[in-house]
$ cat start_30.txt   # compact mmCIF, C-alpha atoms
# COMPACT_ATOMS: atom_id res chain seq x y z
CA MET R 1 0.00 0.00 0.00
CA PRO R 2 1.44 3.39 -0.97
CA SER R 3 2.13 5.71 1.89
CA LEU R 4 0.10 8.84 2.52
CA LEU R 5 3.03 10.95 1.44
CA ASP R 6 3.27 9.21 -1.95
CA ILE R 7 -0.36 9.83 -2.72
CA ARG R 8 -0.13 13.45 -1.67
CA ARG R 9 2.81 13.87 -4.00
CA ARG R 10 0.84 12.38 -6.88
CA VAL R 11 -2.14 14.64 -6.23
CA ARG R 12 0.18 17.60 -6.31
CA ALA R 13 1.70 16.45 -9.61
CA VAL R 14 -1.70 15.96 -11.23
CA LYS R 15 -2.80 19.34 -9.97
CA SER R 16 0.11 21.12 -11.58
CA THR R 17 -0.56 19.25 -14.83
CA GLN R 18 -4.14 20.41 -14.60
CA GLN R 19 -3.00 23.97 -14.21
CA ILE R 20 -0.91 23.67 -17.35
CA THR R 21 -3.72 22.16 -19.41
CA LYS R 22 -6.11 24.80 -18.13
CA ALA R 23 -3.72 27.57 -19.12
CA MET R 24 -3.21 25.98 -22.53
CA LYS R 25 -6.94 25.82 -23.01
CA MET R 26 -7.29 29.50 -22.25
CA VAL R 27 -4.46 30.41 -24.62
CA ALA R 28 -5.93 28.24 -27.37
CA ALA R 29 -9.34 29.80 -26.84
CA SER R 30 -8.04 33.33 -27.24
CA LYS R 31 -5.93 32.38 -30.26
CA LEU R 32 -8.92 30.62 -31.74
CA ARG R 33 -10.94 33.80 -31.59
CA GLY R 34 -8.40 35.56 -33.79
CA ALA R 35 -7.93 32.65 -36.16
CA GLN R 36 -11.65 32.10 -36.46
CA GLU R 37 -12.25 35.69 -37.38
CA ARG R 38 -9.55 35.57 -40.03
CA ILE R 39 -10.90 32.45 -41.69
CA LEU R 40 -14.48 33.66 -41.60
CA ASN R 41 -13.36 36.90 -43.24
CA ALA R 42 -11.24 35.13 -45.82
CA ARG R 43 -13.89 32.65 -46.89
CA PRO R 44 -16.08 35.03 -48.94
CA PHE R 45 -13.14 35.98 -51.11
CA ALA R 46 -12.06 32.40 -51.76
CA HIS R 47 -15.67 31.52 -52.41
CA GLN R 48 -16.27 34.32 -54.91
CA MET R 49 -12.97 33.56 -56.59
CA LEU R 50 -14.04 29.98 -57.06
CA ARG R 51 -17.34 31.10 -58.50
CA VAL R 52 -15.69 33.41 -61.00
CA LEU R 53 -13.25 30.71 -62.03
CA ASN R 54 -15.97 28.14 -62.45
CA GLY R 55 -17.86 30.56 -64.65
CA LEU R 56 -14.68 31.08 -66.58
CA ALA R 57 -13.85 27.40 -66.90
CA GLY R 58 -17.25 26.78 -68.50
CA ARG R 59 -16.60 29.38 -71.19
CA ILE R 60 -13.08 28.86 -72.33
CA ASP R 61 -10.89 26.19 -73.74
CA SER R 62 -8.64 24.66 -71.10
CA SER R 63 -5.65 24.89 -73.41
CA MET R 64 -5.65 28.66 -73.00
CA HIS R 65 -3.42 28.57 -69.96
CA PRO R 66 -0.97 25.97 -68.60
CA LEU R 67 -2.54 26.04 -65.13
CA LEU R 68 -5.94 25.06 -66.51
CA ALA R 69 -4.90 22.21 -68.76
CA ASP R 70 -3.46 18.83 -68.05
CA PRO R 71 0.31 18.93 -68.16
CA ALA R 72 2.09 18.59 -71.48
CA VAL R 73 4.34 15.79 -70.26
CA ARG R 74 2.81 13.02 -68.17
CA THR R 75 5.18 12.14 -65.38
CA GLY R 76 2.70 10.05 -63.45
CA GLY R 77 3.57 12.03 -60.34
CA THR R 78 1.50 13.83 -57.77
CA LEU R 79 2.61 16.48 -55.35
CA ILE R 80 0.75 16.50 -52.05
CA PHE R 81 0.94 19.39 -49.64
CA VAL R 82 0.27 18.15 -46.12
CA ILE R 83 -0.66 20.91 -43.71
CA THR R 84 -0.15 19.95 -40.07
CA ALA R 85 0.44 21.94 -36.92
CA ASP R 86 3.82 22.84 -35.49
CA LYS R 87 2.89 21.67 -32.03
CA GLY R 88 1.17 18.66 -30.58
CA LEU R 89 -1.23 18.41 -27.65
CA CYS R 90 -4.21 18.98 -29.85
CA GLY R 91 -5.99 15.66 -29.82
CA GLY R 92 -6.31 13.79 -33.09
CA PHE R 93 -5.55 16.85 -35.21
CA ASN R 94 -2.16 15.86 -36.56
CA THR R 95 -2.79 12.12 -36.45
CA ASN R 96 -5.88 12.44 -38.62
CA ILE R 97 -4.10 14.54 -41.20
CA ILE R 98 -1.09 12.25 -41.34
CA LYS R 99 -3.26 9.17 -41.59
CA THR R 100 -5.35 10.59 -44.43
CA ALA R 101 -2.33 11.95 -46.26
CA GLY R 102 -0.48 8.64 -45.87
CA LYS R 103 -3.43 6.68 -47.20
CA PHE R 104 -3.87 9.08 -50.08
CA ALA R 105 -0.17 8.91 -50.92
CA VAL R 106 -0.10 5.11 -51.24
CA ALA R 107 -3.61 4.75 -52.70
CA ASP R 108 -2.29 4.10 -56.19
CA PRO R 109 0.98 2.13 -56.25
CA ASP R 110 1.71 3.17 -59.84
CA ARG R 111 1.67 6.82 -58.98
CA GLU R 112 4.82 8.58 -57.96
CA VAL R 113 4.22 10.76 -54.96
CA ALA R 114 6.15 13.76 -53.79
CA LEU R 115 5.33 15.69 -50.67
CA GLY R 116 5.32 19.29 -49.59
CA LEU R 117 5.27 19.51 -45.84
CA VAL R 118 3.85 22.44 -43.96
CA GLY R 119 4.16 22.32 -40.18
CA ARG R 120 6.62 20.54 -37.96
CA LYS R 121 4.52 17.51 -37.05
CA GLY R 122 4.04 16.46 -40.64
CA ARG R 123 7.66 17.07 -41.45
CA ASP R 124 8.83 14.96 -38.53
CA PHE R 125 6.61 12.10 -39.57
CA PHE R 126 7.12 12.00 -43.32
CA SER R 127 10.74 13.03 -43.65
CA ARG R 128 11.76 9.97 -41.63
CA ARG R 129 9.90 7.61 -43.91
CA GLY R 130 11.74 7.97 -47.18
CA PHE R 131 9.25 10.05 -49.11
CA ASP R 132 10.38 12.40 -51.84
CA VAL R 133 10.04 15.73 -50.06
CA ARG R 134 10.11 18.69 -52.43
CA TYR R 135 9.35 21.42 -49.98
CA GLU R 136 9.09 21.94 -46.27
CA ILE R 137 8.34 24.83 -44.02
CA THR R 138 7.80 24.99 -40.28
CA ASN R 139 6.97 27.64 -37.73
CA LEU R 140 4.67 29.66 -39.92
CA PHE R 141 1.47 29.39 -37.92
CA GLY R 142 2.61 31.73 -35.16
CA ASN R 143 2.39 34.66 -37.51
CA LEU R 144 0.58 33.57 -40.61
CA SER R 145 0.80 35.99 -43.50
CA PHE R 146 -0.23 36.02 -47.10
CA ASN R 147 3.44 35.88 -48.10
CA ASP R 148 3.71 32.36 -46.70
CA ALA R 149 0.83 31.27 -48.89
CA GLN R 150 2.42 32.97 -51.87
CA GLU R 151 5.64 31.09 -51.29
CA ILE R 152 3.88 27.73 -51.15
CA ALA R 153 1.75 28.56 -54.19
CA GLU R 154 4.88 29.51 -56.08
CA VAL R 155 6.45 26.13 -55.36
CA ALA R 156 3.27 24.35 -56.46
CA ILE R 157 3.04 26.32 -59.69
CA ASP R 158 6.72 25.91 -60.39
CA GLU R 159 6.65 22.13 -59.94
CA TYR R 160 3.56 21.93 -62.09
CA THR R 161 4.59 24.15 -64.97
CA HIS R 162 8.01 22.51 -65.19
CA ASP R 163 6.33 19.14 -65.66
CA ARG R 164 7.74 17.63 -62.51
CA THR R 165 4.26 16.65 -61.39
CA ASP R 166 0.88 15.96 -62.98
CA SER R 167 -1.27 17.36 -60.24
CA VAL R 168 -1.01 19.12 -56.92
CA TYR R 169 -3.21 18.34 -53.92
CA LEU R 170 -3.74 19.95 -50.55
CA VAL R 171 -4.50 17.92 -47.44
CA TYR R 172 -5.60 20.00 -44.49
CA ASN R 173 -8.02 20.28 -41.61
CA GLU R 174 -11.05 22.35 -42.37
CA PHE R 175 -12.52 24.38 -39.57
CA LYS R 176 -16.18 23.39 -39.43
CA SER R 177 -16.96 24.42 -35.88
CA VAL R 178 -15.15 24.60 -32.59
CA MET R 179 -16.06 21.01 -31.85
CA GLN R 180 -15.54 19.69 -35.32
CA GLN R 181 -12.70 19.54 -37.81
CA ARG R 182 -12.86 17.83 -41.14
CA VAL R 183 -9.89 16.49 -43.05
CA VAL R 184 -10.13 17.50 -46.68
CA VAL R 185 -8.16 16.44 -49.72
CA GLU R 186 -8.41 19.12 -52.37
CA ARG R 187 -6.96 19.38 -55.84
CA LEU R 188 -5.06 22.60 -56.33
CA LEU R 189 -3.70 22.05 -59.85
CA PRO R 190 -4.70 21.73 -62.61
CA ILE R 191 -7.51 24.17 -61.97
CA GLY R 192 -10.72 22.59 -63.07
CA GLN R 193 -14.39 22.74 -62.35
CA LEU R 194 -14.50 22.65 -58.58
CA PRO R 195 -17.51 22.09 -56.39
CA GLU R 196 -18.65 25.20 -54.59
CA ASP R 197 -18.81 23.94 -51.07
CA GLU R 198 -20.83 26.76 -49.60
CA PRO R 199 -24.43 27.12 -50.62
CA ASP R 200 -25.00 30.33 -52.52
CA ASP R 201 -26.75 32.60 -50.11
CA ASP R 202 -27.14 35.43 -52.61
CA THR R 203 -30.46 36.00 -54.22
CA PRO R 204 -30.60 33.35 -56.90
CA LEU R 205 -30.02 34.34 -60.48
CA ASP R 206 -33.02 34.60 -62.67
CA PRO R 207 -32.66 31.28 -64.55
CA ALA R 208 -33.41 32.79 -67.94
CA VAL R 209 -30.84 35.53 -67.42
CA ALA R 210 -28.30 33.08 -66.06
CA GLU R 211 -28.72 30.77 -68.98
CA ALA R 212 -28.44 33.54 -71.52
CA ALA R 213 -25.38 34.87 -69.72
CA SER R 214 -23.59 31.54 -69.56
CA LEU R 215 -23.80 31.22 -73.32
CA VAL R 216 -22.06 34.50 -73.94
CA ASP R 217 -18.31 34.66 -73.64
CA TYR R 218 -16.86 37.38 -71.48
CA LEU R 219 -15.47 40.56 -72.85
CA TYR R 220 -11.92 40.71 -71.61
CA GLU R 221 -10.07 43.80 -70.72
CA PRO R 222 -7.11 43.68 -71.27
CA VAL R 223 -6.57 40.55 -73.38
CA PRO R 224 -7.56 37.18 -71.85
CA GLN R 225 -4.01 35.89 -71.68
CA GLN R 226 -2.96 38.75 -69.46
CA ILE R 227 -5.95 38.33 -67.17
CA PHE R 228 -5.31 34.62 -66.79
CA ASN R 229 -1.66 35.23 -66.07
CA GLU R 230 -2.73 37.26 -63.05
CA LEU R 231 -5.97 35.60 -62.08
CA LEU R 232 -4.92 31.96 -62.03
CA PRO R 233 -1.77 32.23 -59.91
CA HIS R 234 -3.67 34.53 -57.60
CA HIS R 235 -6.40 31.94 -57.29
CA VAL R 236 -3.82 29.31 -56.31
CA GLU R 237 -2.39 31.66 -53.69
CA ILE R 238 -5.83 32.34 -52.29
CA GLN R 239 -6.69 28.67 -52.05
CA VAL R 240 -3.42 27.94 -50.24
CA PHE R 241 -3.96 30.90 -47.94
CA ARG R 242 -7.45 29.73 -47.13
CA ALA R 243 -6.20 26.21 -46.41
CA LEU R 244 -3.57 27.62 -44.06
CA LEU R 245 -6.11 29.76 -42.24
CA GLU R 246 -8.55 26.84 -42.00
CA SER R 247 -5.84 24.66 -40.58
CA SER R 248 -4.73 27.26 -38.09
CA ALA R 249 -8.25 27.85 -36.80
CA ALA R 250 -8.90 24.11 -36.69
CA GLU R 251 -5.68 23.55 -34.77
CA HIS R 252 -6.59 26.01 -32.05
CA ALA R 253 -10.11 24.59 -31.85
CA ALA R 254 -8.74 21.06 -31.60
CA ARG R 255 -6.27 22.10 -28.93
CA MET R 256 -8.93 23.86 -26.96
CA THR R 257 -11.22 20.83 -26.88
CA ALA R 258 -8.31 18.49 -26.18
CA MET R 259 -7.09 20.62 -23.30
CA ASP R 260 -10.59 21.01 -21.98
CA SER R 261 -11.06 17.27 -21.73
CA ALA R 262 -7.54 16.89 -20.32
CA THR R 263 -8.43 19.38 -17.58
CA LYS R 264 -11.62 17.46 -16.86
CA ASN R 265 -9.77 14.15 -16.78
CA SER R 266 -7.14 15.41 -14.38
CA GLY R 267 -9.95 16.70 -12.18
CA GLU R 268 -11.36 13.19 -12.10
CA ILE R 269 -7.98 11.69 -11.25
CA ILE R 270 -7.56 14.18 -8.42
CA ASP R 271 -10.99 13.23 -7.04
CA GLN R 272 -10.17 9.53 -7.18
CA LEU R 273 -6.78 10.02 -5.57
CA THR R 274 -8.27 12.17 -2.84
CA ILE R 275 -10.82 9.50 -1.97
CA TYR R 276 -8.10 6.87 -1.96
CA MET R 277 -5.90 9.07 0.17
CA ASN R 278 -8.68 9.54 2.71
CA LYS R 279 -9.24 5.81 2.82
CA VAL R 280 -5.58 5.19 3.49
CA ARG R 281 -5.58 7.82 6.23
CA GLN R 282 -8.71 6.33 7.80
CA ALA R 283 -7.13 2.87 7.70
CA ALA R 284 -4.02 4.18 9.41
CA ILE R 285 -6.04 5.88 12.14
CA THR R 286 -8.17 2.78 12.71
CA ARG R 287 -5.06 0.67 13.00
CA GLU R 288 -3.55 3.02 15.54
CA ILE R 289 -6.73 2.99 17.63
CA ILE R 290 -6.79 -0.79 17.58
CA GLU R 291 -3.17 -0.84 18.66
CA VAL R 292 -3.87 1.56 21.50
CA VAL R 293 -6.98 -0.35 22.61
CA SER R 294 -5.34 -3.75 22.48
CA GLY R 295 -2.29 -2.33 24.24
CA ALA R 296 -4.54 -1.00 27.02
CA GLU R 297 -6.32 -4.33 27.33
CA ALA R 298 -3.04 -6.15 27.69
CA LEU R 299 -2.13 -4.09 30.71
CA MET L 4 -34.93 38.81 -72.28
CA ALA L 5 -36.12 40.86 -69.38
CA LEU L 6 -33.44 43.03 -67.90
CA PRO L 7 -32.72 42.55 -64.23
CA ALA L 8 -33.78 45.55 -62.15
CA GLN L 9 -30.71 45.71 -59.96
CA ILE L 10 -27.17 44.37 -59.70
CA ASN L 11 -25.94 42.27 -56.80
CA LEU L 12 -22.67 43.87 -55.87
CA GLU L 13 -20.08 41.85 -53.96
CA ILE L 14 -16.82 43.48 -52.96
CA VAL L 15 -14.38 41.15 -51.23
CA THR L 16 -10.72 41.30 -50.30
CA PRO L 17 -8.61 38.45 -48.92
CA ASP L 18 -9.09 39.95 -45.45
CA ARG L 19 -12.82 40.54 -45.41
CA ALA L 20 -16.04 41.05 -47.30
CA LEU L 21 -16.80 44.74 -47.64
CA VAL L 22 -20.04 45.07 -49.56
CA SER L 23 -22.78 42.62 -50.42
CA GLN L 24 -25.99 44.29 -51.50
CA PRO L 25 -28.17 45.07 -54.51
CA VAL L 26 -27.27 48.37 -56.18
CA ASP L 27 -28.46 50.38 -59.17
CA GLU L 28 -25.16 51.37 -60.72
CA VAL L 29 -21.43 50.77 -60.24
CA GLN L 30 -18.39 52.52 -61.60
CA ILE L 31 -15.22 50.46 -61.70
CA PRO L 32 -11.59 51.45 -62.33
CA GLY L 33 -10.67 48.91 -65.00
CA ALA L 34 -7.27 48.30 -66.52
CA GLU L 35 -8.19 50.39 -69.54
CA GLY L 36 -10.11 53.11 -67.81
CA TYR L 37 -13.14 53.69 -65.67
CA PHE L 38 -16.38 52.16 -66.79
CA GLY L 39 -19.91 52.21 -65.49
CA VAL L 40 -22.14 49.18 -65.10
CA LEU L 41 -25.92 49.22 -65.20
CA PRO L 42 -28.18 46.17 -64.82
CA GLY L 43 -28.09 43.94 -67.87
CA HIS L 44 -24.43 44.55 -68.71
CA THR L 45 -22.79 42.02 -70.98
CA PRO L 46 -20.45 39.54 -69.23
CA LEU L 47 -17.08 41.11 -68.68
CA LEU L 48 -13.87 40.17 -66.93
CA VAL L 49 -11.35 42.90 -66.20
CA THR L 50 -8.33 43.54 -64.07
CA LEU L 51 -8.56 46.43 -61.64
CA GLU L 52 -6.31 49.42 -61.44
CA VAL L 53 -5.65 51.57 -58.43
CA GLY L 54 -8.64 53.81 -58.35
CA GLN L 55 -11.89 54.97 -56.99
CA LEU L 56 -15.00 52.85 -57.19
CA TRP L 57 -18.49 53.99 -56.46
CA TYR L 58 -21.87 52.38 -56.39
CA ARG L 59 -25.28 53.99 -56.34
CA VAL L 60 -28.38 52.85 -54.51
CA GLY L 61 -31.29 55.12 -55.36
CA GLN L 62 -29.78 58.60 -55.17
CA GLU L 63 -27.03 57.80 -52.73
CA ARG L 64 -23.52 57.12 -53.92
CA SER L 65 -20.88 55.38 -51.82
CA PHE L 66 -17.17 55.57 -52.55
CA LEU L 67 -14.35 53.09 -52.06
CA THR L 68 -10.74 52.79 -53.04
CA VAL L 69 -9.68 49.59 -54.69
CA ALA L 70 -6.24 48.52 -55.82
CA PHE L 71 -5.38 45.50 -57.97
CA GLY L 72 -7.51 42.47 -58.45
CA PHE L 73 -10.33 41.52 -60.75
CA ALA L 74 -13.90 42.33 -61.50
CA GLU L 75 -16.43 40.00 -62.98
CA VAL L 76 -19.51 41.58 -64.48
CA LEU L 77 -22.63 39.55 -65.25
CA PRO L 78 -26.03 40.94 -66.26
CA ASP L 79 -27.32 40.92 -62.70
CA ARG L 80 -24.18 40.55 -60.66
CA VAL L 81 -20.86 42.29 -60.16
CA THR L 82 -18.09 40.65 -58.19
CA ILE L 83 -15.05 42.68 -57.21
CA LEU L 84 -12.07 40.60 -56.10
CA ALA L 85 -9.72 43.29 -54.92
CA LYS L 86 -6.36 42.81 -53.27
CA VAL L 87 -6.92 46.02 -51.36
CA ALA L 88 -10.17 47.88 -50.80
CA GLU L 89 -11.26 50.48 -48.31
CA THR L 90 -14.50 52.30 -47.75
CA ALA L 91 -14.32 56.08 -47.69
CA GLU L 92 -15.09 56.10 -43.98
CA GLY L 93 -12.34 53.57 -43.24
CA ILE L 94 -9.49 55.56 -44.72
CA ASP L 95 -6.86 56.91 -42.40
CA VAL L 96 -6.30 60.35 -43.88
CA GLU L 97 -3.19 61.08 -41.82
CA ARG L 98 -1.55 57.86 -42.92
CA ALA L 99 -2.41 58.47 -46.55
CA ARG L 100 -0.96 61.99 -46.33
CA SER L 101 2.32 60.83 -44.87
CA ALA L 102 2.47 57.99 -47.39
CA ARG L 103 2.06 60.51 -50.18
CA LYS L 104 4.84 62.64 -48.78
CA ARG L 105 7.17 59.66 -48.41
CA ALA L 106 6.46 58.47 -51.92
CA GLU L 107 7.00 61.91 -53.40
CA GLU L 108 10.34 62.22 -51.66
CA ARG L 109 11.43 58.86 -52.90
CA LEU L 110 10.37 59.67 -56.44
CA THR L 111 12.41 62.85 -56.56
CA LYS L 112 15.50 60.96 -55.41
CA ARG L 113 15.42 58.62 -58.39
CA VAL L 114 16.57 55.29 -57.01
CA SER L 115 16.55 51.84 -58.62
CA ASP L 116 13.75 50.84 -60.97
CA LEU L 117 12.09 48.50 -58.53
CA ASP L 118 11.99 51.12 -55.79
CA PHE L 119 10.75 53.61 -58.31
CA GLU L 120 7.86 51.39 -59.29
CA ARG L 121 6.99 50.72 -55.66
CA ALA L 122 7.06 54.41 -54.84
CA ARG L 123 4.98 55.22 -57.88
CA LEU L 124 2.31 52.75 -56.83
CA SER L 125 2.24 53.91 -53.25
CA LEU L 126 1.92 57.51 -54.43
CA LEU L 127 -0.98 56.49 -56.63
CA ARG L 128 -2.66 54.66 -53.76
CA SER L 129 -2.30 57.54 -51.34
CA LEU L 130 -3.65 60.03 -53.86
CA ILE L 131 -6.71 57.91 -54.53
CA ARG L 132 -7.26 57.40 -50.83
CA LEU L 133 -7.18 61.11 -50.16
CA GLN L 134 -9.52 61.76 -53.04
CA VAL L 135 -12.05 59.17 -51.86
CA ALA L 136 -11.77 60.34 -48.26
CA SER L 137 -12.54 63.91 -49.29
CA ARG L 138 -15.64 62.69 -51.16
CA ALA L 139 -16.88 61.08 -47.99
CA ARG L 140 -16.32 64.30 -46.10
CA ILE L 141 -18.28 66.43 -48.55
CA ARG L 142 -21.15 64.02 -48.48
CA GLY L 143 -21.18 63.67 -44.72
$ encode --input "start_30.txt" --output "structure tokens"
Amino acid sequence: MPSLLDIRRRVRAVKSTQQITKAMKMVAASKLRGAQERILNARPFAHQMLRVLNGLAGRIDSSMHPLLADPAVRTGGTLIFVITADKGLCGGFNTNIIKTAGKFAVADPDREVALGLVGRKGRDFFSRRGFDVRYEITNLFGNLSFNDAQEIAEVAIDEYTHDRTDSVYLVYNEFKSVMQQRVVVERLLPIGQLPEDEPDDDTPLDPAVAEAASLVDYLYEPVPQQIFNELLPHHVEIQVFRALLESSAAEHAARMTAMDSATKNSGEIIDQLTIYMNKVRQAAITREIIEVVSGAEAL
Amino acid sequence: MALPAQINLEIVTPDRALVSQPVDEVQIPGAEGYFGVLPGHTPLLVTLEVGQLWYRVGQERSFLTVAFGFAEVLPDRVTILAKVAETAEGIDVERARSARKRAEERLTKRVSDLDFERARLSLLRSLIRLQVASRARIRG
């Protein structure tokens, strides 16, 4: 039977752990507020961009721009960007991403897979396992800026236009709600008809007008080529940026829930240990009384 | 084909959504000059310049600055995807003034081409900002 002192020591240890998890929960909650606001503000832009591009894709020939068409040279390769967190202690956040990305990477044995790793956890996992890593970046979630997204988009476009890969995918955690993250696998390149994930909350187009409009090609100003040269890379940047923001908000949400349940669990352990400790103390007192009584009787 | 009565105007930047409402008329700073859009416009895709954008609801006009990005025009919908956009009320006049001064100084010094281009653009931005801000003042 452990001594009273041992149990007290354990209670103290669990208590200090609880303090840490509680503090982490608070920090995650306040960071989540910021991250959540950013992603909610960034979504309309990404959404509208997607809508414009889809309208565009229906009107033009995909051979008009390299980013729209299938690559000229088939290499049979795919580049997957895996977006994980830099830190752990956020429940299944990183594990889920890594699992999905791993499964996706080996889904087709004939396909050559290269990886782009964003975030330390993903890098640590995949770089040890002999994958072809084309790009890695860590420590960007502390101060996430559009430049980071631009850098990643540049790598993706570069790999794609130089025929080193046939397609580029993003694997990241989407921020659905504070309690819920969803792992998504999304094709970044080539840009094709993409599903619009958010329901259109605008007043619906008059169907007759919409139909008439979709038959007419756009007027372009300046020439289409120049617009595409700006619009398409910008679209890629925006999609990457959105994925990064989603992931960052999802990470804080995941950490907050994980730390919340950790705090609750340590509370339970403390309760159990306290009860046990009291039992041990009671037992010790009873034993002493018996000793005293039997000692007195012996006299 | 019946013409739509109004245009749904959406102005978004990567940071936030600024405007989402039906309007009667929009004027947009396109790559090849300002152009106005009324309901029933033919589909159009343009790049944006640094400039002043306004939209009209009834008799009231609202002004914004926009800089770089794209505009998609459909018969009953206009989508502005701007890299930078500010409403007239949101402009920091002091900052724009000092930016203009800085840019002017740099332009007179004649440095490298890249710096020159950057200074030119920031001068353009600050001028437009001041112009739009003064519109807001007159109206208010």
$ atom_distance --input "start_30.txt" --atom1 "CA of Thr138 in chain R" --atom2 "CA of Val118 in chain R"
6.0 Å
$ interface_residues --input "start_30.txt" --of "chain R" --to "chain L" --cutoff "6 Å" --atoms "all atoms listed in the file" --output "ChimeraX atom specification"
/R:41-42,45,218-221
$ residues_around --input "start_30.txt" --residues "Met259 in chain R" --least-positions-apart "4" --cutoff "12 Å" --atoms "all atoms listed in the file" --output "MDAnalysis selection string"
chainID R and resid 17:29 88:92 251:255 263:266
$ write_last_selection --input "start_30.txt" --atoms "C-alpha atoms" --output "mmCIF file, keeping the file's coordinate frame"
data_model
loop_
_atom_site.group_PDB
_atom_site.id
_atom_site.type_symbol
_atom_site.label_atom_id
_atom_site.label_comp_id
_atom_site.auth_asym_id
_atom_site.auth_seq_id
_atom_site.Cartn_x
_atom_site.Cartn_y
_atom_site.Cartn_z
ATOM 1 C CA THR R 17 -0.560 19.250 -14.830
ATOM 2 C CA GLN R 18 -4.140 20.410 -14.600
ATOM 3 C CA GLN R 19 -3.000 23.970 -14.210
ATOM 4 C CA ILE R 20 -0.910 23.670 -17.350
ATOM 5 C CA THR R 21 -3.720 22.160 -19.410
ATOM 6 C CA LYS R 22 -6.110 24.800 -18.130
ATOM 7 C CA ALA R 23 -3.720 27.570 -19.120
ATOM 8 C CA MET R 24 -3.210 25.980 -22.530
ATOM 9 C CA LYS R 25 -6.940 25.820 -23.010
ATOM 10 C CA MET R 26 -7.290 29.500 -22.250
ATOM 11 C CA VAL R 27 -4.460 30.410 -24.620
ATOM 12 C CA ALA R 28 -5.930 28.240 -27.370
ATOM 13 C CA ALA R 29 -9.340 29.800 -26.840
ATOM 14 C CA GLY R 88 1.170 18.660 -30.580
ATOM 15 C CA LEU R 89 -1.230 18.410 -27.650
ATOM 16 C CA CYS R 90 -4.210 18.980 -29.850
ATOM 17 C CA GLY R 91 -5.990 15.660 -29.820
ATOM 18 C CA GLY R 92 -6.310 13.790 -33.090
ATOM 19 C CA GLU R 251 -5.680 23.550 -34.770
ATOM 20 C CA HIS R 252 -6.590 26.010 -32.050
ATOM 21 C CA ALA R 253 -10.110 24.590 -31.850
ATOM 22 C CA ALA R 254 -8.740 21.060 -31.600
ATOM 23 C CA ARG R 255 -6.270 22.100 -28.930
ATOM 24 C CA THR R 263 -8.430 19.380 -17.580
ATOM 25 C CA LYS R 264 -11.620 17.460 -16.860
ATOM 26 C CA ASN R 265 -9.770 14.150 -16.780
ATOM 27 C CA SER R 266 -7.140 15.410 -14.380
#
$ atom_distance --input "start_30.txt" --atom1 "CA of Glu246 in chain R" --atom2 "CA of Arg164 in chain R"
27.8 Å
$ atom_distance --input "start_30.txt" --atom1 "CA of Ile238 in chain R" --atom2 "CA of Asn143 in chain R"
17.1 Å
$ residues_around --input "start_30.txt" --residues "Arg105 in chain L" --least-positions-apart "4" --cutoff "10 Å" --atoms "all atoms listed in the file" --output "ChimeraX atom specification"
/L:99-101,109-110,122,125-126
$ write_last_selection --input "start_30.txt" --atoms "C-alpha atoms" --output "PDB file, keeping the file's coordinate frame"
ATOM      1  CA  ALA L  99      -2.410  58.470 -46.550  1.00  0.00           C
ATOM      2  CA  ARG L 100      -0.960  61.990 -46.330  1.00  0.00           C
ATOM      3  CA  SER L 101       2.320  60.830 -44.870  1.00  0.00           C
ATOM      4  CA  ARG L 109      11.430  58.860 -52.900  1.00  0.00           C
ATOM      5  CA  LEU L 110      10.370  59.670 -56.440  1.00  0.00           C
ATOM      6  CA  ALA L 122       7.060  54.410 -54.840  1.00  0.00           C
ATOM      7  CA  SER L 125       2.240  53.910 -53.250  1.00  0.00           C
ATOM      8  CA  LEU L 126       1.920  57.510 -54.430  1.00  0.00           C
TER       9      LEU L 126
END
$ closest_residue --input "start_30.txt" --among "L:Gly61, L:Ala106, L:Val40, L:Ile31" --to "Glu120 in chain L" --atoms "all atoms listed in the file"
L:Ala106
$ closest_residue --input "start_30.txt" --among "L:Thr111, L:Thr90, L:Gln30, L:Thr68" --to "Leu130 in chain L" --atoms "all atoms listed in the file"
L:Thr68
$ residues_near_point --input "start_30.txt" --point "(-12.8, 58.4, -53.3)" --cutoff "12 Å" --atoms "only C-alpha atoms" --output "PyMOL selection string"
chain L and resi 30-32+53-58+64-69+88-94+96+128-142
$ residues_around --input "start_30.txt" --residues "Asn94 in chain R" --least-positions-apart "2" --cutoff "12 Å" --atoms "all atoms listed in the file" --output "NGL selection string"
:R and (82-92 or 96-102 or 118-125 or 171-173 or 181-183 or 247-248 or 250-252 or 254-255)
$ decode --input "start_30.txt" --residues "range 71-76 of chain L" --atoms "N, CA and C atoms" --output "compact mmCIF listing (two decimals), in the first residue's frame"
# COMPACT_ATOMS: atom_id res chain seq x y z
N PHE L 71 -5.77 46.81 -57.43
CA PHE L 71 -5.38 45.50 -57.97
C PHE L 71 -6.43 44.43 -57.68
N GLY L 72 -6.53 43.53 -58.61
CA GLY L 72 -7.51 42.47 -58.45
C GLY L 72 -8.31 42.35 -59.73
N PHE L 73 -9.53 41.82 -59.57
CA PHE L 73 -10.33 41.52 -60.75
C PHE L 73 -11.77 41.89 -60.51
N ALA L 74 -12.47 42.10 -61.60
CA ALA L 74 -13.90 42.33 -61.50
C ALA L 74 -14.58 41.45 -62.52
N GLU L 75 -15.63 40.79 -62.07
CA GLU L 75 -16.43 40.00 -62.98
C GLU L 75 -17.80 40.66 -63.07
N VAL L 76 -18.21 40.94 -64.28
CA VAL L 76 -19.51 41.58 -64.48
C VAL L 76 -20.42 40.59 -65.19
